[in-house]
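Read the structure below first, then the notes.
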Amino acid sequence: MQAITQQIEELSKYSGTAITSSAESSLPFIPGPIGTHITLRHITKYFAGQPLYQDFNLDIAKGKITSVFGPNGCGKSTMINLIAGLIPIDAGEILFDGKSLRDTKIGYVFQNYRDALFPWMKAIDNIRYPLKLTGTPKAKIDQRIDELMALFEIKFDLSRYPYELSGGQQQTVSIMRALAPAPEVLFLDEPFSALDYEMTLLIRDKLQDIFMATQVTIVLVSHDLEEAVYLSDRVLLLTKRPTRVAELVSFDVARPRTLATLSDPEFIKTKARSLQIFQQEVHR
Amino acid sequence: MGRLSGKSLVPAIGPIVLFAVWYFVVAAGIVNPVLLPGPGDTLAHLYTIVASGSLLVDLLATARRTVEAFLIAAAIGVPLGVALGSSRPVYRSVEFLIDFFRSTPSSALIPLFLMIFGITDMNKVAIAAFAAVLVILFNSAYGVMNARKQRIMAAKVMGASRFQIFRHVMLLESLPQTFVGLRSGVSMALVIVVVAEMFIGSEQGIGHRIIDAQQVLNVKDMYSSILAAGVLGYAFNVLFMLVEGRLVHWSGK
Ligand SMILES: Nc1ncnc2c1ncn2[C@@H]1O[C@H](COP(=O)(O)OP(=O)(O)O)[C@@H](O)[C@H]1O
Ligand SMILES: [Mg+2]
């Protein structure tokens with residue numbers, strides 16, 4: 001009974017946005033199922049006259065890790081950049097819990113940490129930067145830094161400049177910076193692909209710990225299917241251009257996932273199925 | 001004899017070889033000694049004019065003009081370059097002018113400047129500043145235009161406004177390139193000041209001293225003055241590298 005009232009409430013909440021969006025795009029806005037955080041509706045994006053996304057629709061679950069996997073150049077980075085507002089959409093609408101991007105706090109971690117951190121600032125000032133932008137008082141900033149350092153179990157000196165740190169440390173700083181303002185959604189674009197394997201394993205598990213501690217919605221682009229399945233609750237498989245959703249595969253094995261997860265029958269099954277769908281799409 | 005002292009001697013090899021060749025060429029009588037005195041004689045003369053203070057007067061006059069020209073050029077070139085660079089269409093609209101005058105040898109404009117400023121000290125500074133301002137402006141503008149896109153995106157996604165992105169990211173991104181411009185600018189200013197001292201009458205200055213020495217065939221004084229001009233240029237360069245290393249510590253890392 002309670003569930004039904006909640007559902008009605010949710011729907012009536014969405015109906016407000018449905019009206020405004022239909023006025024803009026002339027297509028009715030259809031909200032995602034309960035538990036949806038980000039809704040992409042009728043997204044169109046062209047590059048150089050060629051469609052990349054055309055009438056693309058997607059629901060991204062709240063408080064889950066969704067990995068994005070697909071052929072090279074299919075638009076994985078473009079998709080999270082569109083959602084994060086880094087590149088404009090040609091048409092369509094993206095809402096976060098029914099709100100626009102403007103009213104949503106997001107964090108973003110780039111693949112190339114070298115070009116994403118500010119080399120003229122010490123690591124700690126890089127992490128402080130987004131908090132300073134929002135005018136957070138100094139005491140609050142220091143408190144947040146302490147929290148993050150405890151959460152990440154930082155053992156290196158944050159008062160060094162980024163170029164004085166190892167790749168893994170730099171990417172850790174990038175993730176801390178993205179998480180500093182306590183974002184509602186964290187985007188990561190192939191965050192491990194510039195790191196060596198040892199570092200990848202380490203930071204990957206750190207990311208999982210942080211997810212378990214914060215339950216922040218995570219959208220992670222990955223070029224490694226094993227990693228995509230291992231980390232996520234949903235694996236979004238994309239097709240070749242023009243890009244569509246091939247399948248949104250669920251993977252619900254309990255966390256924390258460990259080495260043992262890699263030999264879990266459910267993991268093996270999900271990975272095999274994802275790989276099969278991927279290959280079908282690539283060879284089409 | 002440790003490896004350390006051996007290593008620290010390596011940079012000295014070039015100058016030692018140069019002086020050895022110089023010595024050999026003069027000693028063997030390959031070049032007329034009226035045109036080229038030996039290195040020993042030249043260095044001895046250099047010592048005398050340094051000790052008497054007469055070289056210092058000229059060197060300081062040249063250094064002062066160069067610094068004045070450079071400061072004027074930097075004060076105009078950096079802000080203007082940054083402003084132009086922050087808008088690609090605006091830069092494109094003046095790009096041809098900048099490239100054209102950057103490619104024009106500034107020494108070709110000395111007669112024009114003579115007409116405007118007359119035979120004054122201000123003239124030498126003005127033309128050197130004009131030459132330096134273009135190279136400084138050009139580099140600052142490109143520094144801003146070539147700011148790493150991803151850093152700008154990182155600031156944008158953290159909620160920085162356009163102005164904040166400009167102040168916190170683009171300006172700092174442009175600093176390494178701005179320093180390239182400043183370093184070229186000071187070299188350019190020195191070149192033009194020395195040329196101007198040669199051809200626009202002046203009482204003091206290393207360019208004036210070189211041409212005076214040449215006209216009375218005082219070759220020892222001429223070579224000594226040339227060496228001194230080289231030392232001055234080199235000193236400017238080293239000074240800039242030091243400042244740059246501290247201010248733009250992240251450059252090239
Ligand atoms: N700014 C752009 N201009 C033109 N084409 C682009 C641009 N950005 C991306 N593309 C094209 O869009 C496609 C998707 O790019 P991207 O999202 O980076 O792919 P992925 O991250 O999946 O490898 C590619 O074919 C790429 O060439
Ligand atoms: Mg990509």
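Each chain in the structure tokens gets a letter, A, B, ..., in the order shown, and its residues are numbered from 1; ligands are numbered from 1 in order too.
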Per residue of chain A within 8 Å of chain B, note the shortest atom pair and the distance in Å to one decimal, counting only C-alpha atoms, and order the rows by chain and increasing residue number, as CSV.
residue,atom,partner,partner_atom,distance
A:Ala84,CA,B:Val157,CA,7.0
A:Gly85,CA,B:Val157,CA,7.5
A:Leu86,CA,B:Met153,CA,6.6
A:Ile106,CA,B:Val157,CA,7.5
A:Gly107,CA,B:Met158,CA,7.0
A:Tyr108,CA,B:Val157,CA,6.9
A:Asp115,CA,B:Arg151,CA,6.0
A:Ala116,CA,B:Arg151,CA,4.9
A:Leu117,CA,B:Arg151,CA,6.9
A:Phe118,CA,B:Arg151,CA,7.1
A:Pro119,CA,B:Trp250,CA,5.9
A:Trp120,CA,B:Trp250,CA,6.3
A:Pro130,CA,B:Met158,CA,5.6
A:Leu133,CA,B:Ala160,CA,6.6
A:Tyr163,CA,B:Lys253,CA,6.3
A:Ala178,CA,B:Met158,CA,7.9
DSSP on the backbone: which residues in range 124-175 of chain A end up as alpha helix (DSSP H)? Give the answer as a PyMOL selection string.
chain A and resi 124-133+138-152+167-175
Assign secondary structure with DSSP using the backbone only, and return the residues of range 213-260 of chain A in strand (DSSP E) as JSON, numbers by chain.
{"A": [217, 218, 219, 220, 221, 234, 235, 236, 237, 238, 245, 246, 247, 248, 249, 250]}
To check your reading of the model: which residues sit at most 6 Å from ligand 1 when counting only C-alpha atoms and all ligand atoms? Write the answer as a PyMOL selection string.
chain A and resi 47-48+72-78
Keeping N, CA and C atoms, export the residues of the selection given above as a CSV table (one decimal), in the first residue's frame.
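Dumped everything to out.csv:
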chain,number,residue,atom,x,y,z
A,47,PHE,N,28.0,14.8,-35.1
A,47,PHE,CA,29.4,15.3,-35.2
A,47,PHE,C,29.7,15.4,-36.7
A,48,ALA,N,30.0,16.6,-37.2
A,48,ALA,CA,30.4,16.8,-38.6
A,48,ALA,C,29.3,16.2,-39.5
A,72,ASN,N,35.2,0.8,-29.7
A,72,ASN,CA,36.0,2.0,-29.8
A,72,ASN,C,35.3,3.1,-30.6
A,73,GLY,N,35.2,4.3,-30.1
A,73,GLY,CA,34.6,5.3,-30.9
A,73,GLY,C,33.1,5.3,-31.0
A,74,CYS,N,32.4,4.5,-30.2
A,74,CYS,CA,31.0,4.4,-30.2
A,74,CYS,C,30.3,5.5,-29.5
A,75,GLY,N,31.1,6.3,-28.7
A,75,GLY,CA,30.5,7.4,-28.1
A,75,GLY,C,30.4,7.3,-26.6
A,76,LYS,N,31.2,6.5,-25.9
A,76,LYS,CA,31.2,6.4,-24.5
A,76,LYS,C,31.5,7.7,-23.8
A,77,SER,N,32.7,8.2,-24.2
A,77,SER,CA,33.1,9.5,-23.6
A,77,SER,C,32.1,10.6,-23.9
A,78,THR,N,31.6,10.6,-25.2
A,78,THR,CA,30.7,11.6,-25.6
A,78,THR,C,29.4,11.5,-24.7
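Near ligand 2, at a distance of at most 12 Å and with only C-alpha atoms and all ligand atoms counted, sit the residues A:Val68, A:Phe69, A:Gly70, A:Pro71, A:Asn72, A:Gly73, A:Cys74, A:Gly75, A:Lys76, A:Ser77, A:Thr78, A:Met79, A:Ile80, A:Asn81, A:Phe110, A:Gln111, A:Asn112, A:Leu188, A:Asp189, A:Glu190, A:Pro191, A:Ser193, A:Leu220, A:Val221, A:Ser222, A:His223.
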Same residues, N, CA, C and O atoms, output as a short mmCIF file (atom, residue, chain, number, x, y, z; two decimals), in the first residue's frame:
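out-v7.cif, freshly written:
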data_model
loop_
_atom_site.label_atom_id
_atom_site.label_comp_id
_atom_site.auth_asym_id
_atom_site.auth_seq_id
_atom_site.Cartn_x
_atom_site.Cartn_y
_atom_site.Cartn_z
N VAL A 68 29.93 1.72 -18.60
CA VAL A 68 29.60 1.89 -20.01
C VAL A 68 30.67 1.17 -20.82
O VAL A 68 31.86 1.45 -20.67
N PHE A 69 30.23 0.23 -21.64
CA PHE A 69 31.17 -0.56 -22.43
C PHE A 69 30.67 -0.64 -23.87
O PHE A 69 29.47 -0.73 -24.11
N GLY A 70 31.59 -0.57 -24.81
CA GLY A 70 31.17 -0.65 -26.22
C GLY A 70 32.38 -0.51 -27.11
O GLY A 70 33.48 -0.24 -26.65
N PRO A 71 32.17 -0.67 -28.42
CA PRO A 71 33.29 -0.60 -29.36
C PRO A 71 33.98 0.77 -29.32
O PRO A 71 33.37 1.76 -28.94
N ASN A 72 35.22 0.78 -29.74
CA ASN A 72 35.98 2.01 -29.79
C ASN A 72 35.27 3.06 -30.64
O ASN A 72 34.79 2.75 -31.73
N GLY A 73 35.17 4.27 -30.14
CA GLY A 73 34.57 5.35 -30.93
C GLY A 73 33.06 5.30 -31.01
O GLY A 73 32.47 6.01 -31.82
N CYS A 74 32.42 4.48 -30.16
CA CYS A 74 30.96 4.39 -30.25
C CYS A 74 30.29 5.53 -29.50
O CYS A 74 29.09 5.74 -29.61
N GLY A 75 31.09 6.28 -28.73
CA GLY A 75 30.49 7.45 -28.06
C GLY A 75 30.36 7.32 -26.55
O GLY A 75 29.50 7.97 -25.96
N LYS A 76 31.21 6.52 -25.95
CA LYS A 76 31.16 6.37 -24.49
C LYS A 76 31.53 7.67 -23.80
O LYS A 76 30.80 8.16 -22.94
N SER A 77 32.68 8.22 -24.21
CA SER A 77 33.10 9.49 -23.60
C SER A 77 32.08 10.57 -23.91
O SER A 77 31.71 11.37 -23.04
N THR A 78 31.64 10.59 -25.16
CA THR A 78 30.67 11.62 -25.55
C THR A 78 29.42 11.53 -24.68
O THR A 78 28.89 12.55 -24.25
N MET A 79 28.99 10.31 -24.38
CA MET A 79 27.78 10.17 -23.59
C MET A 79 27.95 10.80 -22.22
O MET A 79 27.11 11.61 -21.79
N ILE A 80 29.05 10.48 -21.51
CA ILE A 80 29.15 11.09 -20.18
C ILE A 80 29.45 12.58 -20.27
O ILE A 80 29.05 13.34 -19.40
N ASN A 81 30.10 12.99 -21.35
CA ASN A 81 30.32 14.44 -21.51
C ASN A 81 29.01 15.18 -21.77
O ASN A 81 28.83 16.31 -21.30
N PHE A 110 38.86 12.40 -15.19
CA PHE A 110 39.31 12.20 -16.57
C PHE A 110 40.32 11.06 -16.65
O PHE A 110 40.98 10.71 -15.67
N GLN A 111 40.42 10.50 -17.85
CA GLN A 111 41.38 9.43 -18.09
C GLN A 111 42.80 9.95 -17.87
O GLN A 111 43.60 9.33 -17.20
N ASN A 112 43.06 11.12 -18.47
CA ASN A 112 44.42 11.64 -18.43
C ASN A 112 44.57 12.61 -17.26
O ASN A 112 44.36 13.80 -17.39
N LEU A 188 33.38 8.78 -14.33
CA LEU A 188 34.79 8.46 -14.53
C LEU A 188 34.97 7.95 -15.95
O LEU A 188 34.30 7.01 -16.38
N ASP A 189 35.87 8.59 -16.70
CA ASP A 189 36.11 8.18 -18.09
C ASP A 189 37.42 7.40 -18.16
O ASP A 189 38.49 7.99 -18.11
N GLU A 190 37.32 6.10 -18.25
CA GLU A 190 38.49 5.22 -18.29
C GLU A 190 39.57 5.67 -17.31
O GLU A 190 40.70 5.96 -17.70
N PRO A 191 39.21 5.71 -16.02
CA PRO A 191 40.14 6.31 -15.06
C PRO A 191 41.42 5.51 -14.82
O PRO A 191 42.38 6.02 -14.29
N SER A 193 43.02 3.59 -17.28
CA SER A 193 43.72 3.10 -18.47
C SER A 193 45.11 3.72 -18.64
O SER A 193 45.90 3.23 -19.42
N LEU A 220 30.76 4.86 -15.00
CA LEU A 220 32.17 4.60 -15.27
C LEU A 220 32.34 4.08 -16.68
O LEU A 220 31.75 3.06 -17.04
N VAL A 221 33.11 4.76 -17.49
CA VAL A 221 33.43 4.25 -18.82
C VAL A 221 34.63 3.33 -18.68
O VAL A 221 35.61 3.67 -18.01
N SER A 222 34.54 2.15 -19.28
CA SER A 222 35.65 1.21 -19.17
C SER A 222 35.89 0.54 -20.51
O SER A 222 34.98 0.32 -21.28
N HIS A 223 37.15 0.25 -20.79
CA HIS A 223 37.44 -0.49 -22.02
C HIS A 223 37.80 -1.93 -21.69
O HIS A 223 38.26 -2.68 -22.53
#
Could you list, as a PDB file with N, CA, C and O atoms, in the first residue's frame, every residue within 8 Å of Thr66 in chain B, counting only C-alpha atoms and ignoring same-chain residues fewer than 2 positions away?
ATOM      1  N   THR B  62      73.491  50.480 -22.020  1.00  0.00           N
ATOM      2  CA  THR B  62      72.784  49.524 -22.879  1.00  0.00           C
ATOM      3  C   THR B  62      71.789  48.698 -22.059  1.00  0.00           C
ATOM      4  O   THR B  62      70.643  48.486 -22.482  1.00  0.00           O
ATOM      5  N   ALA B  63      72.239  48.244 -20.885  1.00  0.00           N
ATOM      6  CA  ALA B  63      71.367  47.432 -20.039  1.00  0.00           C
ATOM      7  C   ALA B  63      70.134  48.235 -19.620  1.00  0.00           C
ATOM      8  O   ALA B  63      69.011  47.722 -19.644  1.00  0.00           O
ATOM      9  N   ARG B  64      70.345  49.506 -19.275  1.00  0.00           N
ATOM     10  CA  ARG B  64      69.215  50.322 -18.823  1.00  0.00           C
ATOM     11  C   ARG B  64      68.187  50.483 -19.945  1.00  0.00           C
ATOM     12  O   ARG B  64      66.995  50.306 -19.741  1.00  0.00           O
ATOM     13  N   GLU B  68      64.392  49.115 -19.871  1.00  0.00           N
ATOM     14  CA  GLU B  68      63.266  50.039 -20.057  1.00  0.00           C
ATOM     15  C   GLU B  68      62.371  49.571 -21.203  1.00  0.00           C
ATOM     16  O   GLU B  68      61.148  49.492 -21.066  1.00  0.00           O
ATOM     17  N   ALA B  69      63.011  49.253 -22.329  1.00  0.00           N
ATOM     18  CA  ALA B  69      62.244  48.807 -23.495  1.00  0.00           C
ATOM     19  C   ALA B  69      61.470  47.539 -23.159  1.00  0.00           C
ATOM     20  O   ALA B  69      60.284  47.396 -23.489  1.00  0.00           O
ATOM     21  N   PHE B  70      62.134  46.637 -22.462  1.00  0.00           N
ATOM     22  CA  PHE B  70      61.498  45.375 -22.113  1.00  0.00           C
ATOM     23  C   PHE B  70      60.298  45.594 -21.198  1.00  0.00           C
ATOM     24  O   PHE B  70      59.234  44.997 -21.395  1.00  0.00           O
ATOM     25  N   VAL B 125      64.869  53.364 -27.062  1.00  0.00           N
ATOM     26  CA  VAL B 125      63.990  52.573 -26.196  1.00  0.00           C
ATOM     27  C   VAL B 125      62.679  52.273 -26.926  1.00  0.00           C
ATOM     28  O   VAL B 125      62.175  51.144 -26.891  1.00  0.00           O
ATOM     29  N   ALA B 128      63.077  49.548 -29.648  1.00  0.00           N
ATOM     30  CA  ALA B 128      63.320  48.234 -29.048  1.00  0.00           C
ATOM     31  C   ALA B 128      62.042  47.702 -28.405  1.00  0.00           C
ATOM     32  O   ALA B 128      61.730  46.507 -28.499  1.00  0.00           O
ATOM     33  N   VAL B 186      63.243  40.062 -24.486  1.00  0.00           N
ATOM     34  CA  VAL B 186      64.392  40.771 -23.924  1.00  0.00           C
ATOM     35  C   VAL B 186      65.598  40.630 -24.860  1.00  0.00           C
ATOM     36  O   VAL B 186      66.374  41.577 -25.037  1.00  0.00           O
ATOM     37  N   ALA B 189      64.970  43.042 -27.658  1.00  0.00           N
ATOM     38  CA  ALA B 189      65.182  44.423 -27.213  1.00  0.00           C
ATOM     39  C   ALA B 189      66.674  44.739 -27.186  1.00  0.00           C
ATOM     40  O   ALA B 189      67.098  45.810 -27.640  1.00  0.00           O
ATOM     41  N   LEU B 190      67.468  43.804 -26.718  1.00  0.00           N
ATOM     42  CA  LEU B 190      68.916  44.030 -26.647  1.00  0.00           C
ATOM     43  C   LEU B 190      69.501  44.215 -28.052  1.00  0.00           C
ATOM     44  O   LEU B 190      70.293  45.125 -28.293  1.00  0.00           O
ATOM     45  N   VAL B 193      68.448  47.623 -29.363  1.00  0.00           N
ATOM     46  CA  VAL B 193      69.128  48.717 -28.651  1.00  0.00           C
ATOM     47  C   VAL B 193      70.564  48.857 -29.161  1.00  0.00           C
ATOM     48  O   VAL B 193      71.034  49.958 -29.449  1.00  0.00           O
TER      49      VAL B 193
END
